[in-house]
>>> print(open('coords.txt').read())   # compact mmCIF, C-alpha atoms
# COMPACT_ATOMS: atom_id res chain seq x y z
CA MET A 821 0.00 0.00 0.00
CA THR A 822 1.52 3.31 -1.04
CA GLY A 823 1.39 6.49 1.02
CA THR A 824 -0.13 9.81 0.12
CA PRO A 825 1.91 11.91 -2.34
CA THR A 826 3.75 14.77 -0.64
CA PRO A 827 4.24 18.29 -1.99
CA MET A 828 7.59 18.75 -3.71
CA SER A 829 8.06 22.10 -1.98
CA ASP A 830 7.67 20.49 1.47
CA GLU A 831 10.23 17.80 0.69
CA LEU A 832 12.77 20.32 -0.59
CA ARG A 833 12.20 22.66 2.35
CA ALA A 834 12.75 19.90 4.90
CA ALA A 835 15.82 18.61 3.07
CA THR A 836 17.33 22.07 2.84
CA ALA A 837 16.90 22.57 6.58
CA ARG A 838 18.47 19.15 7.33
CA LEU A 839 21.49 19.81 5.13
CA ALA A 840 21.95 23.33 6.48
CA ASP A 841 21.92 21.94 10.03
CA ALA A 842 24.67 19.52 8.92
CA GLY A 843 26.84 22.49 7.96
CA ILE A 844 26.45 22.30 4.19
CA ASP A 845 26.61 25.77 2.64
CA SER A 846 24.96 24.69 -0.61
CA ALA A 847 22.02 23.05 1.16
CA ARG A 848 19.25 24.12 -1.23
CA ARG A 849 21.27 23.34 -4.34
CA ASP A 850 22.26 19.93 -3.02
CA ALA A 851 18.66 19.14 -2.11
CA GLU A 852 17.56 19.97 -5.65
CA TRP A 853 20.33 17.84 -7.16
CA LEU A 854 19.33 14.88 -5.00
CA MET A 855 15.67 15.29 -5.88
CA ALA A 856 16.45 15.50 -9.59
CA HIS A 857 18.62 12.37 -9.28
CA VAL A 858 15.84 10.40 -7.56
CA LEU A 859 13.25 11.51 -10.12
CA GLY A 860 15.58 11.03 -13.11
CA MET A 861 15.25 14.57 -14.45
CA ASP A 862 17.18 17.81 -14.81
CA THR A 863 17.05 20.21 -11.88
CA GLY A 864 15.46 22.82 -14.12
CA ARG A 865 12.36 20.63 -14.51
CA LEU A 866 11.66 20.31 -10.79
CA VAL A 867 9.41 23.39 -10.95
CA LEU A 868 7.04 21.36 -13.12
CA VAL A 869 6.49 18.75 -10.40
CA ASP A 870 3.89 19.46 -7.70
CA THR A 871 3.95 16.23 -5.68
CA ILE A 872 6.03 13.06 -5.43
CA ASP A 873 4.90 9.56 -4.53
CA ASP A 874 5.88 7.70 -1.40
CA ALA A 875 8.64 5.52 -2.89
CA PRO A 876 10.68 8.34 -4.46
CA ALA A 877 10.07 10.48 -1.37
CA ARG A 878 11.62 7.78 0.83
CA ALA A 879 14.54 7.39 -1.60
CA PHE A 880 15.04 11.15 -1.53
CA ARG A 881 15.06 11.31 2.27
CA SER A 882 17.60 8.49 2.38
CA ALA A 883 19.85 10.35 -0.06
CA VAL A 884 19.49 13.54 1.97
CA GLU A 885 20.53 11.68 5.10
CA GLN A 886 23.63 10.36 3.32
CA ARG A 887 24.53 13.89 2.28
CA ALA A 888 23.95 15.12 5.83
CA GLN A 889 26.63 12.62 6.88
CA ARG A 890 28.92 14.60 4.54
CA ILE A 891 29.17 11.92 1.91
CA PRO A 892 30.00 13.90 -1.25
CA LEU A 893 27.01 14.76 -3.38
CA GLN A 894 28.82 13.32 -6.40
CA HIS A 895 29.24 9.92 -4.70
CA ILE A 896 25.52 9.76 -4.00
CA ILE A 897 24.41 10.65 -7.52
CA GLY A 898 27.39 8.89 -9.15
CA THR A 899 28.49 11.74 -11.40
CA ALA A 900 30.29 15.07 -11.28
CA ALA A 901 29.76 17.96 -13.66
CA PHE A 902 32.98 19.56 -14.87
CA GLY A 903 32.96 22.25 -17.54
CA PRO A 904 31.00 20.85 -20.49
CA VAL A 905 31.25 17.19 -19.44
CA GLU A 906 29.74 14.86 -16.87
CA LEU A 907 32.04 12.30 -15.29
CA ALA A 908 31.41 9.09 -13.40
CA VAL A 909 32.99 9.25 -9.95
CA GLY A 910 32.94 7.27 -6.73
CA PRO A 911 35.20 5.69 -4.11
CA GLY A 912 38.77 5.43 -5.36
CA VAL A 913 38.97 8.60 -7.41
CA PHE A 914 39.24 12.30 -6.60
CA VAL A 915 36.02 14.24 -7.23
CA PRO A 916 36.82 17.17 -9.56
CA ARG A 917 36.11 20.59 -8.05
CA PRO A 918 34.57 23.56 -9.90
CA GLU A 919 37.63 25.70 -9.14
CA THR A 920 39.75 23.51 -11.42
CA GLU A 921 37.64 24.81 -14.32
CA TYR A 922 39.80 27.95 -14.22
CA LEU A 923 42.74 25.81 -15.32
CA LEU A 924 40.60 24.16 -17.99
CA GLU A 925 39.60 27.54 -19.45
CA TRP A 926 43.22 28.71 -19.45
CA ALA A 927 44.37 25.60 -21.32
CA VAL A 928 41.62 25.77 -23.94
CA GLY A 929 42.36 29.46 -24.49
CA HIS A 930 45.98 28.64 -25.31
CA LEU A 931 45.01 25.82 -27.65
CA ARG A 932 42.73 28.16 -29.62
CA VAL A 933 45.74 30.37 -30.33
CA THR A 934 48.39 27.66 -30.66
CA PRO A 935 46.91 24.25 -31.56
CA GLY A 936 48.85 21.14 -30.65
CA THR A 937 48.91 18.11 -28.40
CA ALA A 938 47.83 18.53 -24.78
CA ALA A 939 48.67 16.45 -21.72
CA ASP A 940 46.99 16.03 -18.35
CA PHE A 941 49.30 14.80 -15.59
CA CYS A 942 47.67 13.16 -12.53
CA SER A 943 44.52 12.86 -14.59
CA GLY A 944 42.36 11.08 -11.99
CA SER A 945 38.80 10.89 -13.31
CA GLY A 946 39.95 12.49 -16.57
CA ALA A 947 38.23 15.80 -15.86
CA LEU A 948 40.83 18.08 -17.43
CA ALA A 949 41.74 15.72 -20.27
CA ILE A 950 38.15 15.08 -21.35
CA GLY A 951 37.19 18.70 -20.77
CA ILE A 952 39.99 19.88 -23.06
CA ALA A 953 39.05 17.36 -25.74
CA ALA A 954 35.41 18.46 -25.54
CA MET A 955 36.19 22.18 -25.78
CA SER A 956 39.05 21.95 -28.28
CA PRO A 957 37.84 19.65 -31.10
CA ALA A 958 41.15 19.58 -32.96
CA THR A 959 43.22 18.59 -29.92
CA ARG A 960 44.57 15.18 -28.99
CA VAL A 961 45.10 14.78 -25.24
CA VAL A 962 47.28 12.36 -23.30
CA ALA A 963 45.86 11.58 -19.85
CA VAL A 964 48.55 10.27 -17.50
CA GLU A 965 47.66 8.54 -14.24
CA ALA A 966 49.52 6.04 -12.04
CA ASP A 967 46.94 4.92 -9.49
CA GLU A 968 45.17 1.69 -10.44
CA ASP A 969 41.85 2.65 -8.83
CA ALA A 970 41.79 6.03 -10.53
CA LEU A 971 42.70 4.43 -13.86
CA VAL A 972 39.48 2.39 -13.71
CA TRP A 973 37.42 5.58 -13.50
CA LEU A 974 39.58 7.37 -16.09
CA ARG A 975 39.21 4.60 -18.66
CA ARG A 976 35.49 4.35 -17.97
CA ASN A 977 34.96 8.08 -18.48
CA VAL A 978 36.96 8.13 -21.70
CA ALA A 979 35.01 5.14 -23.01
CA ASP A 980 31.64 6.59 -21.99
CA THR A 981 32.09 10.05 -23.50
CA ALA A 982 31.07 10.84 -27.05
CA GLN A 983 33.21 8.98 -29.59
CA THR A 984 34.30 12.26 -31.19
CA ILE A 985 35.78 13.26 -27.83
CA GLY A 986 36.97 9.98 -26.33
CA SER A 987 38.77 8.95 -29.53
CA ARG A 988 41.14 11.88 -28.99
CA VAL A 989 42.06 11.03 -25.39
CA ASP A 990 44.88 8.52 -24.91
CA VAL A 991 45.15 7.01 -21.42
CA VAL A 992 48.67 6.32 -20.17
CA ALA A 993 49.44 4.43 -16.96
CA ALA A 994 52.60 6.11 -15.68
CA ASP A 995 54.09 7.91 -12.71
CA VAL A 996 54.44 11.58 -13.67
CA THR A 997 57.49 11.92 -11.43
CA ASP A 998 59.31 9.16 -13.34
CA PRO A 999 60.83 10.51 -16.58
CA GLU A 1000 61.45 7.05 -18.02
CA GLN A 1001 57.85 5.92 -17.55
CA VAL A 1002 56.46 9.07 -19.14
CA ALA A 1003 59.01 8.92 -21.99
CA GLU A 1004 57.73 5.49 -22.99
CA SER A 1005 54.43 7.04 -24.11
CA ILE A 1006 55.15 10.73 -24.73
CA PRO A 1007 58.15 11.66 -26.90
CA ALA A 1008 60.23 14.53 -25.55
CA GLY A 1009 59.28 18.01 -26.68
CA THR A 1010 55.94 17.08 -28.25
CA VAL A 1011 53.31 18.66 -25.97
CA SER A 1012 52.05 22.21 -26.50
CA VAL A 1013 49.87 22.58 -23.41
CA LEU A 1014 50.26 20.58 -20.21
CA VAL A 1015 47.92 20.81 -17.22
CA THR A 1016 48.05 19.11 -13.87
CA ASN A 1017 45.95 19.02 -10.73
CA PRO A 1018 48.30 16.90 -8.62
CA PRO A 1019 48.08 15.90 -4.95
CA TYR A 1020 49.06 19.18 -3.29
CA VAL A 1021 47.45 19.61 0.12
CA PRO A 1022 50.01 19.75 2.99
CA LEU A 1023 49.57 16.88 5.42
CA ASP A 1024 48.76 19.13 8.38
CA ALA A 1025 46.21 21.26 6.51
CA ALA A 1026 42.63 21.44 7.76
CA VAL A 1027 40.28 19.96 5.16
CA GLY A 1028 36.51 19.68 4.86
CA PRO A 1029 34.59 16.52 5.84
CA GLU A 1030 33.97 15.58 2.20
CA VAL A 1031 37.70 15.36 1.54
CA ALA A 1032 37.82 12.29 3.78
CA HIS A 1033 36.00 10.44 0.98
CA ASP A 1034 38.68 11.28 -1.59
CA PRO A 1035 41.70 8.94 -1.79
CA PRO A 1036 44.42 10.48 0.45
CA ARG A 1037 47.02 9.73 -2.23
CA ALA A 1038 45.09 12.02 -4.60
CA VAL A 1039 44.83 14.84 -2.05
CA PHE A 1040 47.96 15.16 0.05
CA GLY A 1041 51.34 16.20 -1.28
CA GLY A 1042 53.63 15.53 1.67
CA ALA A 1043 54.42 17.80 4.59
CA ASP A 1044 54.76 20.91 2.39
CA GLY A 1045 52.30 20.02 -0.38
CA MET A 1046 55.14 19.83 -2.90
CA SER A 1047 56.15 16.14 -2.82
CA VAL A 1048 54.66 15.47 -6.27
CA ILE A 1049 55.10 18.89 -7.85
CA VAL A 1050 58.88 19.17 -7.28
CA PRO A 1051 59.89 15.87 -8.98
CA MET A 1052 57.22 16.36 -11.65
CA VAL A 1053 58.62 19.69 -12.90
CA PRO A 1054 61.70 18.18 -14.65
CA VAL A 1055 59.40 15.68 -16.39
CA ILE A 1056 57.16 18.56 -17.49
CA ALA A 1057 60.19 20.42 -18.86
CA ARG A 1058 61.22 17.38 -20.88
CA THR A 1059 57.71 16.77 -22.19
CA LEU A 1060 56.87 20.30 -23.35
CA ALA A 1061 57.83 21.56 -26.78
CA PRO A 1062 59.90 24.75 -26.88
CA GLY A 1063 57.40 27.54 -26.27
CA GLY A 1064 54.91 25.09 -24.79
CA VAL A 1065 53.04 26.09 -21.63
CA VAL A 1066 52.18 24.40 -18.34
CA GLY A 1067 49.52 25.12 -15.74
CA ILE A 1068 49.90 23.64 -12.24
CA GLU A 1069 47.08 23.81 -9.69
CA HIS A 1070 48.34 24.15 -6.12
CA ASP A 1071 47.34 24.71 -2.51
CA ASP A 1072 46.38 28.19 -1.32
CA THR A 1073 49.60 28.33 0.68
CA THR A 1074 52.12 27.11 -1.92
CA ALA A 1075 51.95 29.54 -4.84
CA ASP A 1076 55.37 30.96 -3.95
CA SER A 1077 56.86 27.47 -3.68
CA VAL A 1078 55.54 26.47 -7.11
CA VAL A 1079 56.87 29.69 -8.65
CA ALA A 1080 60.27 29.14 -7.04
CA CYS A 1081 60.37 25.52 -8.21
CA LEU A 1082 59.68 26.47 -11.83
CA ARG A 1083 62.19 29.33 -11.81
CA ALA A 1084 64.91 27.22 -10.18
CA ARG A 1085 64.88 24.80 -13.11
CA GLY A 1086 66.02 27.40 -15.62
CA ASP A 1087 63.83 25.78 -18.28
CA PHE A 1088 60.88 28.12 -17.86
CA GLU A 1089 59.99 31.76 -18.42
CA GLU A 1090 56.85 33.85 -17.97
CA VAL A 1091 56.16 32.19 -14.62
CA THR A 1092 52.81 33.64 -13.55
CA ARG A 1093 50.43 33.28 -10.59
CA HIS A 1094 46.69 33.02 -11.23
CA ALA A 1095 43.87 33.60 -8.72
CA ASP A 1096 40.24 32.55 -8.89
CA LEU A 1097 37.30 34.95 -8.72
CA THR A 1098 37.50 35.03 -4.93
CA GLY A 1099 41.13 36.14 -5.10
CA ARG A 1100 42.51 32.87 -3.80
CA PRO A 1101 45.77 31.62 -5.40
CA ARG A 1102 44.67 28.83 -7.73
CA PHE A 1103 47.36 27.85 -10.25
CA VAL A 1104 50.74 28.85 -11.68
CA THR A 1105 51.63 28.89 -15.36
CA ALA A 1106 54.93 29.02 -17.21
CA ARG A 1107 56.35 28.75 -20.72
CA ARG A 1108 59.12 26.36 -21.78
CA ARG A 1109 62.17 28.26 -23.00
>>> encode(input="coords.txt", output="structure tokens")
Amino acid sequence: MTGTPTPMSDELRAATARLADAGIDSARRDAEWLMAHVLGMDTGRLVLVDTIDDAPARAFRSAVEQRAQRIPLQHIIGTAAFGPVELAVGPGVFVPRPETEYLLEWAVGHLRVTPGTAADFCSGSGALAIGIAAMSPATRVVAVEADEDALVWLRRNVADTAQTIGSRVDVVAADVTDPEQVAESIPAGTVSVLVTNPPYVPLDAAVGPEVAHDPPRAVFGGADGMSVIVPMVPVIARTLAPGGVVGIEHDDTTADSVVACLRARGDFEEVTRHADLTGRPRFVTARRR
């Protein structure tokens, strides 16, 4: 026997209050995403629904309770939106953050002016690699990832994307700090634009509850946040073509360290800091001499 349908507005109001009490800043947005997921529709169509039946209402309340426990929204719905693409995500892979879209836009802007091959080091779910391929239709992208769990998600996302996009993304299993491993798949001096969102959070940094659901190896970059970036820079220098550019996302506290690392090599010029719209240091770029 099914229960009485409940007003959509009541369900969303109660869910928003529950999520706000759990300390989630985006409570209303998350509630709408969860409702749309349960009903199998876009969030924009929720306004067309007046009531929901008992079964989906119970599924919605269960999903809201999971989110209130600070399980990432993307783990509950199984996907993450990033730029123009939607990626499958879950345990074992880092959930791409909207702030990394600044790096995506920078890379695509360079490829519009200077077409060529792109590379995504520490590719994870493939967010940057697939995003670049989607936004730059003439570009072939090499997505490099070492972690076996992340590679499962990366390969799945490349296979599941449109054939016109996925056919231009080559997945490489390699450690980006190991020049020999990278050299086996990417000839020296052949990449025009290289992006990377590596593990960069210092071990003693305070992080949000959702970060506990990301693989620690994809989040933390040693005591100073630089344990992957420092050994990766020589590999980047070898991989880039003369005049090629690199963008490295980093922790709020390590912009100066990334700049110093790139300048110390002597292989780079035009080393530049970039902030997001809130003014927070987001990524550093440089050009190969």
>>> closest_residue(input="coords.txt", among="A:Leu923, A:Leu854, A:Leu1060, A:Leu839", to="A:Arg1102", atoms="all atoms listed in the file")
A:Leu923
>>> residues_around(input="coords.txt", residues="A:Arg833", least_positions_apart="2", cutoff="12 Å", atoms="only C-alpha atoms", output="MDAnalysis selection string")
chainID A and resid 826:831 835:840 847:852 855 881 884
>>> atom_distance(input="coords.txt", atom1="atom CA of A:Arg1109", atom2="atom CA of A:Glu1004")
23.2 Å
>>> closest_residue(input="coords.txt", among="A:His1033, A:Tyr1020, A:Ala908, A:Ala888", to="A:Val972", atoms="all atoms listed in the file")
A:Ala908
>>> atom_distance(input="coords.txt", atom1="atom CA of A:Val1027", atom2="atom CA of A:Val1053")
25.7 Å
>>> closest_atom_pairs(input="coords.txt", of="stretch 966-1041 of chain A", to="stretch 952-962 of chain A", cutoff="7 Å", atoms="all atoms listed in the file", output="CSV")
residue,atom,partner,partner_atom,distance
A:Ile985,CA,A:Ala953,CA,5.6
A:Arg988,CA,A:Arg960,CA,4.8
A:Val989,CA,A:Val961,CA,4.8
A:Asp990,CA,A:Val962,CA,4.8
A:Val991,CA,A:Val962,CA,6.1
A:Val992,CA,A:Val962,CA,6.9
>>> atom_distance(input="coords.txt", atom1="atom CA of A:Glu925", atom2="atom CA of A:Phe902")
11.3 Å
>>> residues_around(input="coords.txt", residues="A:Pro1018", least_positions_apart="3", cutoff="10 Å", atoms="all atoms listed in the file", output="short mmCIF file (atom, residue, chain, number, x, y, z; two decimals) with C-alpha atoms, in the coordinates of the input")
data_model
loop_
_atom_site.label_atom_id
_atom_site.label_comp_id
_atom_site.auth_asym_id
_atom_site.auth_seq_id
_atom_site.Cartn_x
_atom_site.Cartn_y
_atom_site.Cartn_z
CA ASP A 940 46.99 16.03 -18.35
CA PHE A 941 49.30 14.80 -15.59
CA CYS A 942 47.67 13.16 -12.53
CA SER A 943 44.52 12.86 -14.59
CA GLY A 944 42.36 11.08 -11.99
CA VAL A 996 54.44 11.58 -13.67
CA VAL A 1015 47.92 20.81 -17.22
CA VAL A 1021 47.45 19.61 0.12
CA ARG A 1037 47.02 9.73 -2.23
CA ALA A 1038 45.09 12.02 -4.60
CA VAL A 1039 44.83 14.84 -2.05
CA PHE A 1040 47.96 15.16 0.05
CA GLY A 1041 51.34 16.20 -1.28
CA GLY A 1045 52.30 20.02 -0.38
CA MET A 1046 55.14 19.83 -2.90
CA SER A 1047 56.15 16.14 -2.82
CA VAL A 1048 54.66 15.47 -6.27
CA ILE A 1049 55.10 18.89 -7.85
CA MET A 1052 57.22 16.36 -11.65
CA ILE A 1068 49.90 23.64 -12.24
CA GLU A 1069 47.08 23.81 -9.69
CA HIS A 1070 48.34 24.15 -6.12
CA ASP A 1071 47.34 24.71 -2.51
#
>>> closest_residue(input="coords.txt", among="A:Val1104, A:Ala949, A:Ala1095, A:Leu974", to="A:Leu1082", atoms="only C-alpha atoms")
A:Val1104
>>> closest_residue(input="coords.txt", among="A:Leu971, A:Ala939, A:Ala842, A:Val1002", to="A:Gln886", atoms="all atoms listed in the file")
A:Ala842
>>> closest_residue(input="coords.txt", among="A:Val1011, A:Val858, A:Val1078, A:Leu1097", to="A:Tyr922", atoms="only C-alpha atoms")
A:Leu1097
>>> closest_residue(input="coords.txt", among="A:Ala1008, A:Ile950, A:Cys1081, A:Ala1057", to="A:Gln983", atoms="all atoms listed in the file")
A:Ile950
>>> residues_around(input="coords.txt", residues="A:Ser1012", least_positions_apart="2", cutoff="7 Å", atoms="all atoms listed in the file", output="ChimeraX atom specification")
/A:936-938,1010,1014,1060-1061,1064-1065
>>> axis_aligned_box(input="coords.txt", around="stretch 973-977 of chain A", padding_each_side="6 Å", output="lines of an AutoDock Vina configuration file")
center_x = 37.3
center_y = 6.2
center_z = -16.1
size_x = 16.6
size_y = 15.7
size_z = 17.2
>>> residues_around(input="coords.txt", residues="A:Ala1032", least_positions_apart="2", cutoff="12 Å", atoms="all atoms listed in the file", output="number ranges by chain")
A: 889-892, 911-915, 1026-1030, 1034-1040
